[in-house]
Every structure is written in structure tokens, then in C-alpha cells.
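Here the structure is laid out as C-alpha cells; the discussion comes afterwards.
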Amino acid sequence: MKTGHVELARAQQERWQRAYVHHPQLHGSEPSAAAQWAAEVFGAAGIDDVLELGAGHGRDAFFLARQGFSVHATDFSESALDQLRLEAQREGLDDRVTAALHDVRDPLPPADATVNAVFANLLLNMAFSRAELRSLVSEIYRVLCPGGLFVYAVWSADDPCAGHWQELEEGLAVHDGFVGRFFDQPLIQELADRWRLDDETPYDEGPRPLRMWRVTLAKPEPQT
Ligand SMILES: C[S@@+](CC[C@H](N)C(=O)[O-])C[C@H]1O[C@@H](n2cnc3c(N)ncnc32)[C@H](O)[C@@H]1O
């Protein structure tokens, strides 16, 4: 890990591990709204392979695979990935869904400009410092091919619950041991520096429901 927050990161990783062990298939089997959007925009761009970050047990990876995409799913929870691999075999999707343990605070494994699309649902709003967030988005930019797409979804600062979380340093907040960040538009704009910002859409999702942001970024093609 390149930056601070090491203790916080380790505690969050252990917390996610426990969450997946005690609640298998924690996020259910329905795809997220962002994954449904990503399938549309990636498909329209002629893309058929996706790198998913913070994939959990893979509900979105399986949805994308069923839509015809090849998905490489990563997460820093081994128990989530064990569930994902088991399900991939059970569903006969293990030729289309691969998985690898990866903490996105570390550099992304792919070489420069070798990935067509990156997807991350509810990852960027996890316990990252602003420097870690900028570095992650810059890594995604590095691995994407020119014209490549990055779709992400995060908690919105407009969610009524945001006010009930206890504030920590640097805009992070904690509730019931989970640390995260509620995104506002200035942060979305800041992270879109160098990118073409194709879409920033507020929406509600889930039974409560949660107020979210969906963001689509494109890595610009070089000027000729
Ligand atoms: C809210 S869950 C979302 C899971 C999945 N994207 C979904 O929507 O079903 C956040 C996921 O991010 C993962 N995560 C959190 N911090 C991470 C990090 N630093 N590196 C990789 N994965 C991380 C957690 O293990 C968890 O699976």
C-alpha cells in the first residue's frame, strides 16, 4: 500500500471478510442499476470485456456475463471471491467470469492501455482517503485503452442517512463500524479531471432506498 490509512484499511478488510462469511450472498442475486446501465453503454460501444473492481460475490459480474461480456472480477475479500468462484462453476459461467484478489489501493495489475471497460458499484465510496481515490481513478485511466469506459456508482451526499453517520477526517464517515464517503458533485467533477464526463446521474436504489450517483467516464482518444 502506497499511502496511509493502513490500520483503517486492514480493519475494513477484516470487516468485509466477516460480513461475507456470516452473510453469504450478502448483496443478493439481482444486478445493481449501475450494472444494467453499464451493460447498455459498454454494449453500445462494442465492448465485450470488463474489469470489475470491488465485485463482492459477483451479482453484477454474473449479470454482465449473462449479457455476453467476459468479466474479470476483483475484490479484497477472499470469502466473497470464494462464493463468486463457486457460483461461477455452478452456473457454468467460469469460462466468462474470472476472479482475483486485489486491493485497489495497490496499482492495478493490467498493463497500460489494455482494458476496454472498468466497472465499480459501491466501491469508490469505501474507506479511501482523497489521495487514494485520486490514485485509484488515475490507475483506471492508465489501464484503459483510449476511448475506454469507466462506469461507477457511489453513495450520494444527498442521502438522508448521510447526516446520521459520524464524521471522520477527510470527508469519511463511520456507522456501525463501516467507514465510507458520501459523494457530492464537486468530488465527481474533481475525479473526472482528464476524462470526458459522459454522465452523472442521481438515482435511488434498494428497499430503503439509498440515494446514489452513477457516473460514466471515457478516456479521451488522442487528438490527431
Ligand atoms: C458495498 S460492497 C459492493 C459489492 C459489489 N460491487 C456489489 O454491488 O454487489 C463493496 C465491496 O468493495 C470491496 N472493497 C472495499 N474496499 C476495497 C479495496 N480497498 N480493494 C478491493 N475491494 C474493496 C468490499 O470487499 C466489498 O465487496
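Each chain in the C-alpha cells gets a letter, A, B and so on, in the order shown; residues start at 1 in every chain, and ligands are counted from 1 in the order they appear.
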- Message: I'd like the contact shell of range 20-23 of chain A - 12 Å cut-off, only C-alpha atoms, skipping same-chain residues fewer than 5 positions apart - returned as a list in words.
- Response: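 In the requested form, the answer reads Gln13, Glu14, Arg15, Gly28, Gly56, His57, Gly58, Asp75, Phe76, Ser77, Glu78, Ser79, Ala80, Leu81, Asp82, Gln83 and Leu84 of chain A.
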- Can you list, as a PyMOL selection string, all residues belonging to chain A that DSSP tags as helix (DSSP H, G or I)? chain A and resi 6-22+33-44+59-66+78-90+130-143+160-164+169-171+185-191
- Message: Could you list the protein, DNA and RNA residues that have any atom within 7 Å of ligand 1, counting only C-alpha atoms and all ligand atoms, and write them as a list in words?
- Response: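 Based on only C-alpha atoms and all ligand atoms, ligand 1 is surrounded within 7 Å by Ala9, Gln13, Trp16, Gln17, His27, Ser32, Leu53, Gly54, Ala55, Gly56, His57, Gly58, Arg59, Asp60, Thr74, Asp75, Phe76, Ser77, Ala80, His102, Asp103, Val104, Arg105, Ala120, Asn121, Leu122, Leu123, Met126 and Ala127 of chain A.
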- Nearest-residue call for Tyr203 in chain A, choices A:Leu136, A:Leu172, A:Val215, A:Val118, using only C-alpha atoms: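 Closest residue, counting only C-alpha atoms: A:Val215.
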- Message: When you look at Arg211 in chain A with a cut-off of 6 Å (counting only C-alpha atoms), what residues show up, excluding the ones that are within fewer than 4 positions of it in the same chain? I need them as an MDAnalysis selection string.
- Response: chainID A and resid 156 159 203:204
- Task: Can you work out which one of A:Leu144, A:Arg85, A:Asp176, A:Leu191 has the shortest atom-to-atom distance to Ala131 in chain A, counting only C-alpha atoms?
- Result: A:Leu191
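Here CA of Leu64 in chain A is placed at a distance of 9.3 Å from CA of Asp49 in chain A.
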- Among range 73-159 of chain A, which residues carry a DSSP assignment of strand (DSSP E), reported as JSON, numbers by chain? {"A": [73, 74, 75, 97, 98, 99, 100, 101, 115, 116, 117, 118, 119, 120, 121, 144, 145, 146, 147, 148, 149, 150, 151, 152, 153, 154, 155]}
- Query: What is the distance, in Å and to one decimal place, between CA of Val143 in chain A and CA of Val97 in chain A?
  - Reply: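 So the two atoms, CA of Val143 in chain A and CA of Val97 in chain A, lie 19.3 Å apart.
Non-sequential neighbours of Phe62 in chain A (distance at most 9 Å, separation of 6 or more positions within a chain, only C-alpha atoms) are Ser29, Pro31, Val71, Leu84, Glu87, Ala88, Glu91, Leu93, Arg96 and Val97 of chain A.
Relative to CA of Leu210 in chain A, CA of Val179 in chain A is found at 16.3 Å.
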- Message: Residues within 12 Å of Glu221 in chain A, please, as a VMD selection string. Count only C-alpha atoms; anything in the same chain fewer than 3 positions from it doesn't count.
- Response: chain A and resid 113 141 144 to 149 194 to 196 218 224
